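Pasted below: query_11.txt, compact mmCIF, C-alpha atoms.
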# COMPACT_ATOMS: atom_id res chain seq x y z
CA MET G 1 -51.13 171.59 -37.28
CA ASP G 2 -47.45 172.09 -38.06
CA TYR G 3 -45.69 172.25 -41.39
CA ILE G 4 -43.86 169.00 -42.11
CA ASP G 5 -40.52 169.10 -43.87
CA TYR G 6 -40.67 165.98 -46.02
CA TYR G 7 -37.17 166.58 -47.39
CA LYS G 8 -35.78 166.60 -43.87
CA ILE G 9 -37.63 163.38 -43.01
CA LEU G 10 -36.00 161.60 -45.94
CA ASP G 11 -32.70 163.45 -45.37
CA LEU G 12 -32.77 164.93 -48.87
CA LYS G 13 -31.93 168.22 -50.51
CA LYS G 14 -34.65 170.19 -52.28
CA ASP G 15 -33.19 169.34 -55.68
CA ALA G 16 -33.17 165.58 -55.04
CA SER G 17 -33.89 163.46 -58.09
CA THR G 18 -36.62 160.83 -58.27
CA ASP G 19 -33.94 158.22 -57.93
CA ASP G 20 -32.50 159.91 -54.81
CA ILE G 21 -35.98 159.95 -53.26
CA LYS G 22 -36.51 156.30 -54.02
CA LYS G 23 -33.13 155.35 -52.55
CA ALA G 24 -33.64 157.46 -49.43
CA TYR G 25 -37.10 156.01 -48.89
CA ARG G 26 -35.90 152.41 -49.30
CA LYS G 27 -32.97 152.99 -46.94
CA LEU G 28 -35.15 154.43 -44.16
CA ALA G 29 -38.03 152.02 -44.77
CA ARG G 30 -35.67 149.06 -44.32
CA LYS G 31 -34.67 150.48 -40.95
CA HIS G 32 -38.10 151.46 -39.62
CA HIS G 33 -40.50 149.05 -41.32
CA PRO G 34 -43.04 147.93 -38.67
CA ASP G 35 -42.76 144.29 -39.74
CA LEU G 36 -39.07 144.43 -38.91
CA ASN G 37 -39.69 146.26 -35.62
CA PRO G 38 -42.50 144.40 -33.86
CA ASP G 39 -43.99 146.15 -30.81
CA ASN G 40 -41.98 149.28 -31.54
CA GLU G 41 -44.32 152.26 -31.56
CA GLU G 42 -41.50 154.67 -32.36
CA ALA G 43 -40.52 152.75 -35.48
CA ASN G 44 -44.16 152.57 -36.49
CA LYS G 45 -44.55 156.36 -36.23
CA LYS G 46 -41.29 156.97 -38.02
CA PHE G 47 -42.33 154.64 -40.83
CA GLN G 48 -45.59 156.55 -41.25
CA GLN G 49 -43.64 159.79 -41.60
CA ILE G 50 -41.26 158.24 -44.12
CA ASN G 51 -44.18 156.80 -46.04
CA GLU G 52 -45.98 160.12 -46.10
CA ALA G 53 -42.86 161.96 -47.21
CA ASN G 54 -42.35 159.42 -49.99
CA GLU G 55 -46.01 159.64 -51.00
CA VAL G 56 -45.62 163.38 -51.58
CA LEU G 57 -42.10 163.61 -52.98
CA SER G 58 -42.30 160.63 -55.31
CA ASP G 59 -45.46 161.94 -56.94
CA PRO G 60 -44.45 164.78 -59.34
CA GLU G 61 -47.76 166.61 -59.00
CA LYS G 62 -47.83 166.45 -55.22
CA ARG G 63 -44.19 167.39 -55.00
CA LYS G 64 -44.79 170.38 -57.26
CA LYS G 65 -47.60 171.61 -55.07
CA TYR G 66 -45.63 170.96 -51.89
CA ASP G 67 -42.59 172.82 -53.26
CA LYS G 68 -44.70 175.67 -54.57
CA TYR G 69 -46.48 176.53 -51.36
CA GLY G 70 -44.00 175.24 -48.77
CA LYS G 71 -44.80 176.79 -45.42
CA ASP G 72 -47.79 178.62 -46.89
CA TRP G 73 -49.54 175.33 -47.52
CA GLN G 74 -52.45 176.41 -45.31
CA HIS G 75 -53.29 179.09 -47.86
CA ALA G 76 -52.66 176.90 -50.88
CA ASP G 77 -56.28 176.78 -51.96
CA GLN G 78 -56.63 180.52 -51.47
CA LEU G 79 -53.50 181.25 -53.50
CA ASP G 80 -54.63 178.90 -56.23
CA ALA G 81 -58.01 180.59 -56.39
CA GLN G 82 -56.43 184.02 -56.66
CA GLN G 83 -54.14 182.92 -59.44
CA GLN G 84 -56.89 181.22 -61.32
CA GLN G 85 -59.12 184.23 -60.96
CA GLN G 86 -56.39 186.31 -62.50
CA LYS G 87 -56.22 183.90 -65.38
CA GLN G 88 -60.02 184.11 -65.58
CA GLN G 89 -60.36 180.40 -65.25
CA GLN G 90 -63.41 179.00 -63.62
CA SER G 91 -62.12 175.83 -62.10
CA GLN G 92 -60.16 175.75 -58.92
CA GLY G 93 -57.21 173.50 -58.21
CA ALA G 94 -56.09 171.71 -55.11
CA GLY G 95 -57.21 168.39 -53.66
CA TYR G 96 -55.93 165.24 -55.15
CA GLY G 97 -58.30 162.98 -53.33
CA GLY G 98 -56.98 159.62 -52.55
CA GLY G 99 -58.08 156.16 -51.85
CA GLY G 100 -58.15 154.68 -48.38
CA TYR G 101 -54.60 153.71 -47.64
CA SER G 102 -54.14 151.64 -44.56
CA SER G 103 -50.80 150.46 -43.38
CA GLY G 104 -52.05 147.14 -42.10
CA TYR G 105 -49.56 147.05 -39.26
CA GLY G 106 -51.18 149.04 -36.54
CA GLY G 107 -50.43 152.38 -38.08
CA GLU G 108 -52.63 155.38 -38.48
CA ASP G 109 -53.42 157.24 -41.64
CA PHE G 110 -51.46 160.20 -42.94
CA SER G 111 -50.96 163.37 -40.91
CA ASP G 112 -53.45 166.20 -40.70
CA PHE G 113 -50.93 168.25 -42.65
CA PHE G 114 -51.05 165.77 -45.51
CA SER G 115 -54.85 165.53 -45.49
CA SER G 116 -55.18 169.29 -45.38
CA MET G 117 -52.83 169.77 -48.31
CA PHE G 118 -53.71 166.84 -50.51
CA GLY G 119 -57.14 165.84 -49.26
CA GLY G 120 -58.41 162.39 -48.29
CA GLY G 121 -56.22 159.90 -46.54
CA GLY G 122 -53.52 159.61 -49.11
CA GLY G 123 -53.38 156.52 -51.23
CA ARG G 124 -50.47 154.43 -52.25
CA SER G 125 -50.57 153.97 -55.94
CA SER G 126 -48.92 150.58 -55.68
CA ARG G 127 -51.39 149.14 -53.23
CA ASN G 128 -55.09 149.87 -53.34
CA SER G 129 -55.91 146.19 -52.92
CA PRO G 130 -57.85 144.76 -49.99
CA PHE G 131 -55.86 144.82 -46.82
CA LYS G 132 -56.09 143.57 -43.28
CA GLY G 133 -57.41 146.12 -40.76
CA GLN G 134 -55.32 147.80 -38.12
CA ASP G 135 -54.25 145.74 -35.09
CA TYR G 136 -55.23 147.12 -31.70
CA ASN G 137 -53.13 146.91 -28.55
CA ALA G 138 -54.49 147.05 -25.02
CA ASP G 139 -53.00 146.69 -21.55
CA LEU G 140 -54.83 144.86 -18.78
CA GLN G 141 -53.91 145.30 -15.12
CA LEU G 142 -54.27 142.26 -12.89
CA ASN G 143 -53.19 141.42 -9.39
CA LEU G 144 -51.47 138.14 -8.58
CA ILE G 145 -54.61 136.63 -7.08
CA ASP G 146 -56.55 137.41 -10.32
CA ALA G 147 -53.86 135.65 -12.34
CA TYR G 148 -54.10 132.59 -10.10
CA THR G 149 -57.53 131.55 -11.38
CA THR G 150 -59.10 131.30 -14.82
CA HIS G 151 -61.69 134.04 -15.02
CA LYS G 152 -63.54 136.26 -17.44
CA GLN G 153 -63.17 140.00 -17.81
CA THR G 154 -64.81 142.60 -19.98
CA LEU G 155 -62.61 145.21 -21.62
CA THR G 156 -63.54 148.27 -23.58
CA VAL G 157 -61.35 148.58 -26.65
CA ASN G 158 -62.00 151.44 -29.06
CA GLY G 159 -65.50 151.87 -27.65
CA LYS G 160 -66.39 148.20 -28.09
CA GLN G 161 -66.86 145.78 -25.22
CA VAL G 162 -64.81 142.61 -25.46
CA ARG G 163 -65.31 139.75 -23.01
CA ILE G 164 -62.23 137.57 -22.64
CA THR G 165 -61.27 134.51 -20.66
CA ILE G 166 -57.99 134.90 -18.84
CA SER G 167 -56.38 131.53 -18.24
CA ALA G 168 -54.81 130.89 -14.85
CA GLY G 169 -51.04 131.22 -14.76
CA VAL G 170 -50.73 134.16 -17.14
CA GLU G 171 -47.36 135.89 -16.76
CA ASN G 172 -46.53 139.53 -16.24
CA GLY G 173 -45.83 141.08 -19.66
CA GLN G 174 -47.43 138.18 -21.54
CA LYS G 175 -49.40 139.06 -24.65
CA ILE G 176 -52.40 137.26 -26.10
CA LYS G 177 -53.91 137.71 -29.53
CA LEU G 178 -57.64 137.91 -30.15
CA PRO G 179 -57.99 137.38 -33.88
CA ALA G 180 -60.34 139.68 -35.78
CA TYR G 181 -60.99 142.03 -32.82
CA GLY G 182 -59.01 144.83 -34.47
CA ALA G 183 -60.15 147.49 -36.92
CA PRO G 184 -62.24 146.46 -39.93
CA GLY G 185 -60.31 145.55 -43.06
CA VAL G 186 -59.76 147.96 -45.92
CA ASN G 187 -61.42 147.30 -49.27
CA ASN G 188 -63.10 144.16 -47.91
CA GLY G 189 -59.89 142.92 -46.31
CA PRO G 190 -60.06 140.88 -43.09
CA PRO G 191 -60.23 142.72 -39.75
CA GLY G 192 -57.08 143.30 -37.67
CA ASP G 193 -56.31 141.55 -34.40
CA LEU G 194 -56.43 142.68 -30.80
CA PHE G 195 -53.30 142.17 -28.70
CA ILE G 196 -53.72 142.27 -24.93
CA LYS G 197 -50.73 142.66 -22.67
CA PHE G 198 -51.09 141.64 -19.03
CA ASN G 199 -49.49 143.76 -16.34
CA ILE G 200 -49.52 141.86 -13.07
CA ALA G 201 -48.97 143.93 -9.95
CA ASP G 202 -46.57 142.69 -7.28
CA ASP G 203 -48.17 141.12 -4.22
CA PRO G 204 -46.93 142.17 -0.78
CA LYS G 205 -47.00 138.58 0.55
CA PHE G 206 -46.64 136.18 -2.36
CA LYS G 207 -43.56 136.60 -4.55
CA ARG G 208 -43.66 134.83 -7.88
CA LYS G 209 -40.70 133.41 -9.75
CA GLY G 210 -41.88 131.54 -12.83
CA ASN G 211 -44.51 129.18 -11.49
CA ASP G 212 -43.09 129.00 -7.98
CA ILE G 213 -44.30 131.15 -5.13
CA TYR G 214 -42.12 132.33 -2.27
CA ILE G 215 -43.34 133.55 1.11
CA GLN G 216 -41.78 134.37 4.46
CA GLU G 217 -43.42 133.30 7.70
CA ASP G 218 -42.54 134.42 11.20
CA ILE G 219 -42.08 131.87 13.98
CA ASP G 220 -41.08 132.65 17.52
CA LEU G 221 -37.83 131.51 19.05
CA TYR G 222 -39.49 128.86 21.20
CA THR G 223 -41.22 127.19 18.23
CA ALA G 224 -37.93 127.28 16.30
CA VAL G 225 -36.07 125.65 19.19
CA LEU G 226 -38.71 123.24 20.45
CA GLY G 227 -40.71 122.64 17.26
CA GLY G 228 -44.45 123.12 16.86
CA GLU G 229 -47.17 123.90 14.39
CA LYS G 230 -47.91 126.92 12.26
CA ILE G 231 -50.92 127.79 10.12
CA VAL G 232 -49.78 129.30 6.82
CA GLU G 233 -51.92 131.03 4.23
CA THR G 234 -51.32 129.81 0.68
CA LEU G 235 -52.90 130.98 -2.57
CA ASN G 236 -55.57 128.31 -2.26
CA GLY G 237 -56.31 128.34 1.44
CA LYS G 238 -54.69 127.79 4.79
CA VAL G 239 -52.45 124.83 5.61
CA LYS G 240 -51.20 123.61 8.98
CA LEU G 241 -47.47 122.92 8.91
CA LYS G 242 -45.19 121.15 11.33
CA VAL G 243 -42.16 123.18 12.35
CA PRO G 244 -39.38 120.75 13.26
CA GLU G 245 -37.29 121.27 16.43
CA GLY G 246 -34.14 123.22 15.91
CA THR G 247 -35.43 125.12 12.85
CA GLN G 248 -32.75 127.58 11.79
CA PRO G 249 -33.45 131.20 10.73
CA ASP G 250 -34.07 131.43 6.96
CA ALA G 251 -34.57 127.67 6.68
CA SER G 252 -36.89 126.87 3.76
CA LEU G 253 -39.64 124.40 3.25
CA ARG G 254 -41.07 123.37 -0.12
CA LEU G 255 -44.73 122.50 -0.58
CA LYS G 256 -44.95 120.69 -3.88
CA GLY G 257 -47.82 121.71 -6.15
CA LYS G 258 -48.90 124.61 -3.92
CA GLY G 259 -47.45 127.28 -6.15
CA PHE G 260 -48.81 129.01 -9.25
CA PRO G 261 -50.82 127.18 -11.91
CA LEU G 262 -49.03 126.48 -15.19
CA TYR G 263 -50.52 128.51 -18.04
CA LYS G 264 -53.03 126.44 -20.02
CA LYS G 265 -51.90 123.21 -18.32
CA GLU G 266 -54.75 121.91 -16.26
CA ASN G 267 -54.01 120.68 -12.73
CA GLN G 268 -50.31 121.44 -12.97
CA PHE G 269 -48.83 123.79 -10.42
CA GLY G 270 -45.46 125.13 -9.37
CA ASP G 271 -44.24 124.85 -5.80
CA LEU G 272 -44.59 127.01 -2.72
CA TYR G 273 -41.43 127.84 -0.79
CA ILE G 274 -41.74 129.02 2.79
CA LYS G 275 -38.84 130.68 4.49
CA TRP G 276 -38.97 130.72 8.30
CA GLN G 277 -38.14 134.03 9.90
CA VAL G 278 -37.23 133.39 13.52
CA LYS G 279 -38.27 136.30 15.69
CA ILE G 280 -35.88 136.90 18.60
CA PRO G 281 -37.82 138.13 21.64
CA THR G 282 -37.25 141.73 22.68
CA ASN G 283 -38.18 143.53 25.90
CA ILE G 284 -37.79 140.35 27.93
CA ASN G 285 -38.56 140.55 31.65
CA THR G 286 -36.13 139.79 34.50
CA GLU G 287 -37.32 136.24 34.92
CA GLN G 288 -36.92 135.46 31.22
CA LYS G 289 -33.47 137.03 31.23
CA GLU G 290 -32.43 134.86 34.18
CA LEU G 291 -33.68 131.77 32.40
CA PHE G 292 -31.74 132.64 29.25
CA GLU G 293 -28.60 133.21 31.37
CA LYS G 294 -29.14 129.83 32.99
CA LEU G 295 -29.53 128.22 29.61
CA SER G 296 -26.36 129.85 28.32
CA LYS G 297 -24.39 128.39 31.23
CA LEU G 298 -25.69 124.84 30.86
CA MET B 1 -63.94 130.61 -46.46
CA GLU B 2 -64.29 127.33 -44.57
CA ASN B 3 -64.14 127.92 -40.80
CA ASN B 4 -60.73 129.51 -40.38
CA LEU B 5 -59.52 128.49 -43.82
CA ILE B 6 -59.30 130.81 -46.79
CA SER B 7 -58.76 129.42 -50.25
CA ILE B 8 -55.51 130.36 -51.96
CA LYS B 9 -57.52 131.44 -54.97
CA ASP B 10 -59.39 134.01 -52.86
CA VAL B 11 -56.17 135.19 -51.25
CA CYS B 12 -54.54 135.72 -54.62
CA ALA B 13 -57.52 137.65 -55.95
CA HIS B 14 -57.76 139.66 -52.74
CA HIS B 15 -54.12 140.70 -52.66
CA GLN B 16 -53.55 140.67 -56.39
CA VAL B 17 -50.66 138.30 -56.01
CA GLU B 18 -49.50 135.42 -58.21
CA ILE B 19 -50.06 131.91 -56.89
CA ASN B 20 -46.37 131.25 -57.63
CA PHE B 21 -45.41 133.67 -54.88
CA ILE B 22 -47.40 131.67 -52.33
CA GLN B 23 -45.96 128.41 -53.63
CA SER B 24 -42.44 129.79 -53.38
CA LEU B 25 -43.07 130.92 -49.79
CA GLU B 26 -44.23 127.41 -49.01
CA ASP B 27 -41.18 125.91 -50.72
CA PHE B 28 -39.01 128.05 -48.46
CA GLY B 29 -40.96 126.79 -45.43
CA LEU B 30 -42.24 130.27 -44.66
CA ILE B 31 -45.94 129.43 -44.77
CA GLN B 32 -47.98 126.26 -44.72
CA THR B 33 -51.01 125.56 -46.85
CA LYS B 34 -53.66 122.89 -46.32
CA ILE B 35 -55.39 120.85 -48.98
CA VAL B 36 -59.03 120.04 -48.32
CA LYS B 37 -61.02 118.27 -51.02
CA LYS B 38 -58.45 119.14 -53.69
CA THR B 39 -58.57 122.86 -52.82
CA THR B 40 -55.57 124.60 -51.28
CA PHE B 41 -56.25 126.76 -48.24
CA LEU B 42 -54.42 128.98 -45.79
CA ASP B 43 -55.53 129.28 -42.19
CA THR B 44 -55.83 132.73 -40.61
CA ASP B 45 -52.47 132.59 -38.81
CA GLU B 46 -50.75 131.70 -42.05
CA LEU B 47 -52.62 134.51 -43.78
CA SER B 48 -51.11 137.01 -41.32
CA LYS B 49 -47.66 135.63 -42.13
CA LEU B 50 -48.34 135.83 -45.85
CA GLU B 51 -49.46 139.46 -45.53
CA ARG B 52 -46.29 140.28 -43.64
CA TYR B 53 -44.16 138.73 -46.40
CA LEU B 54 -46.18 140.57 -49.02
CA ARG B 55 -45.59 143.89 -47.31
CA LEU B 56 -41.89 143.23 -46.93
CA SER B 57 -41.65 142.10 -50.52
CA GLN B 58 -43.60 145.07 -51.90
CA ASP B 59 -42.41 147.84 -49.59
CA LEU B 60 -38.76 146.88 -49.36
CA GLU B 61 -38.29 144.74 -52.47
CA ILE B 62 -36.98 141.85 -50.38
CA ASN B 63 -36.57 138.64 -52.34
CA LEU B 64 -37.43 135.14 -51.09
CA GLU B 65 -33.98 134.49 -49.67
CA GLY B 66 -34.19 137.80 -47.83
CA LEU B 67 -37.67 136.95 -46.50
CA HIS B 68 -36.33 133.64 -45.26
CA ALA B 69 -33.53 135.40 -43.37
CA VAL B 70 -35.92 138.03 -42.00
CA SER B 71 -38.33 135.36 -40.81
CA HIS B 72 -35.54 133.49 -39.05
CA LEU B 73 -34.30 136.65 -37.32
CA LEU B 74 -37.82 137.73 -36.32
CA ASN B 75 -38.41 134.32 -34.74
CA GLN B 76 -35.17 134.67 -32.85
CA LEU B 77 -36.17 138.17 -31.77
CA GLN B 78 -39.47 136.85 -30.48
CA GLU B 79 -37.68 134.15 -28.45
CA VAL B 80 -35.24 136.69 -27.04
CA GLN B 81 -38.13 139.00 -26.12
CA LYS B 82 -39.86 136.15 -24.30
CA GLU B 83 -36.67 135.36 -22.43
CA LEU B 84 -36.17 139.02 -21.62
CA ASN B 85 -39.68 139.21 -20.18
CA SER B 86 -39.07 136.14 -18.08
CA LEU B 87 -35.74 137.54 -16.82
CA LYS B 88 -37.39 140.89 -16.05
CA ASN B 89 -39.97 139.08 -13.95
CA GLU B 90 -37.25 137.17 -12.16
CA LEU B 91 -35.27 140.35 -11.55
CA ASN B 92 -38.41 141.94 -10.17
CA TYR B 93 -38.71 139.03 -7.74
CA TYR B 94 -35.20 139.69 -6.39
CA LYS B 95 -35.86 143.43 -6.23
CA GLN B 96 -38.88 142.78 -4.07
CA LEU B 97 -36.75 140.84 -1.59
CA HIS B 98 -34.51 143.83 -0.89
Please rewrite the model in this file as structure tokens.
Amino acid sequence: MDYIDYYKILDLKKDASTDDIKKAYRKLARKHHPDLNPDNEEANKKFQQINEANEVLSDPEKRKKYDKYGKDWQHADQLDAQQQQQKQQQSQGAGYGGGGYSSGYGGEDFSDFFSSMFGGGGGRSSRNSPFKGQDYNADLQLNLIDAYTTHKQTLTVNGKQVRITISAGVENGQKIKLPAYGAPGVNNGPPGDLFIKFNIADDPKFKRKGNDIYIQEDIDLYTAVLGGEKIVETLNGKVKLKVPEGTQPDASLRLKGKGFPLYKKENQFGDLYIKWQVKIPTNINTEQKELFEKLSKL
Amino acid sequence: MENNLISIKDVCAHHQVEINFIQSLEDFGLIQTKIVKKTTFLDTDELSKLERYLRLSQDLEINLEGLHAVSHLLNQLQEVQKELNSLKNELNYYKQLH
């Protein structure tokens, strides 16, 4: 547990007045307030530090104790006891207690340093009212095929099992909110929410762009020139396709409604685009070579 | 509480906030209340919004005009983040091709 320089956090000198502290806190809080920096863990942490520094420095008693012991805060109780013994007083100082502060925006309580020096979890004098519990965030890894169908999955979040339905068509990076699956509320406040972010892994065959799917299929030179049929695997089974005569390399074909399902829109799908990759024969034998030469002279 | 609705009276008692504050937020179009059988309620999504405005108002001393501006900018930020995510996914598609 390291010593925390609260003056440095608020960019203040040791002789800062109450007004200076208030101004410095407001200035930094406006910049790092979690409600103004959604999904920004760094800002959230910074705000907690600012809050903690303000909690100590804006309270004359806490500030006095903090200034008195400084880096020797770990021995504060011991030093107090010694002094009080000298004064032949029976009671011992230290420990201000505090009443269950919770930030309400996904933050944690005060640092170990704070708890060790001031006891409890802090306590903001201005707000001991009921407050919504902490929001939880979780990441869920899926592959593209998982995201293609609506299915259920069980997650373990903070030791609790949560069964969720994942709707087909969910996007990479998309977040969903599960109300009231966060931490319990403070002072009878409502529980926080659970936010789940989906990370969808790339698929080696099917490339997704929005709700459309793109694939590449090989056809041989003869099928490209003469035309033919090709069985192609799509996300919902195999389809037999007609390859027209004279198909050019990189020519594309669109299969309407064979792409990815639209999120929470039943029976609506994007399209599937197939790009033909014409494979030029290699290692041809003498007879084939002669035939190609004949063809070239026709 | 009625299903997902919480009465304004309970919210005010819970958060120790004046009903005028909630009415002003509604006047600014920042939250929406519902009236059921002559009682005014907030649904849970609106409660989250209200709590956010309360925090901003108490922590940063932002007035109603300021909250209105913040709300507008946060909505814009959310839209931009969605667009960014969609563009990232599209960029990833092109990266996979090469």
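What separates atom CA of B:Gln23 from atom CA of B:Ile6 is a distance of 15.2 Å.
Within 12 Å of G:Ala168, once all atoms listed in the file are used and residues closer than 3 positions along the same chain are dropped, the contacting residues are Leu142, Asn143, Leu144, Ile145, Asp146, Ala147, Tyr148, Thr149, Thr150, His151, Lys152, Thr165, Glu171, Asn211, Gly259, Phe260, Pro261, Leu262, Tyr263, Lys264, Lys265, Glu266, Asn267, Gln268 and Phe269 of chain G.
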Can you write out the residues you just picked, keeping C-alpha atoms, as a short mmCIF file (atom, residue, chain, number, x, y, z; two decimals), keeping the file's coordinate frame?
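Output (part-v6.cif):
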data_model
loop_
_atom_site.label_atom_id
_atom_site.label_comp_id
_atom_site.auth_asym_id
_atom_site.auth_seq_id
_atom_site.Cartn_x
_atom_site.Cartn_y
_atom_site.Cartn_z
CA LEU G 142 -54.27 142.26 -12.89
CA ASN G 143 -53.19 141.42 -9.39
CA LEU G 144 -51.47 138.14 -8.58
CA ILE G 145 -54.61 136.63 -7.08
CA ASP G 146 -56.55 137.41 -10.32
CA ALA G 147 -53.86 135.65 -12.34
CA TYR G 148 -54.10 132.59 -10.10
CA THR G 149 -57.53 131.55 -11.38
CA THR G 150 -59.10 131.30 -14.82
CA HIS G 151 -61.69 134.04 -15.02
CA LYS G 152 -63.54 136.26 -17.44
CA THR G 165 -61.27 134.51 -20.66
CA GLU G 171 -47.36 135.89 -16.76
CA ASN G 211 -44.51 129.18 -11.49
CA GLY G 259 -47.45 127.28 -6.15
CA PHE G 260 -48.81 129.01 -9.25
CA PRO G 261 -50.82 127.18 -11.91
CA LEU G 262 -49.03 126.48 -15.19
CA TYR G 263 -50.52 128.51 -18.04
CA LYS G 264 -53.03 126.44 -20.02
CA LYS G 265 -51.90 123.21 -18.32
CA GLU G 266 -54.75 121.91 -16.26
CA ASN G 267 -54.01 120.68 -12.73
CA GLN G 268 -50.31 121.44 -12.97
CA PHE G 269 -48.83 123.79 -10.42
#
Please, which residues are within 8 Å of (-46.9, 130.1, -43.5) by the file's coordinates, counting only C-alpha atoms, and could they come as a PDB file with C-alpha atoms, in the frame of the given file?
ATOM      1  CA  LEU B  25     -43.070 130.920 -49.790  1.00  0.00           C
ATOM      2  CA  GLU B  26     -44.230 127.410 -49.010  1.00  0.00           C
ATOM      3  CA  GLY B  29     -40.960 126.790 -45.430  1.00  0.00           C
ATOM      4  CA  LEU B  30     -42.240 130.270 -44.660  1.00  0.00           C
ATOM      5  CA  ILE B  31     -45.940 129.430 -44.770  1.00  0.00           C
ATOM      6  CA  GLN B  32     -47.980 126.260 -44.720  1.00  0.00           C
ATOM      7  CA  THR B  33     -51.010 125.560 -46.850  1.00  0.00           C
ATOM      8  CA  LEU B  42     -54.420 128.980 -45.790  1.00  0.00           C
ATOM      9  CA  ASP B  45     -52.470 132.590 -38.810  1.00  0.00           C
ATOM     10  CA  GLU B  46     -50.750 131.700 -42.050  1.00  0.00           C
ATOM     11  CA  LEU B  47     -52.620 134.510 -43.780  1.00  0.00           C
ATOM     12  CA  LYS B  49     -47.660 135.630 -42.130  1.00  0.00           C
ATOM     13  CA  LEU B  50     -48.340 135.830 -45.850  1.00  0.00           C
TER      14      LEU B  50
END
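Pairwise distance (atom CA of G:Leu155, atom CA of G:Lys45) equals 25.8 Å.
One finds atom CA of G:Asn236 at 21.9 Å from atom CA of G:Phe198.
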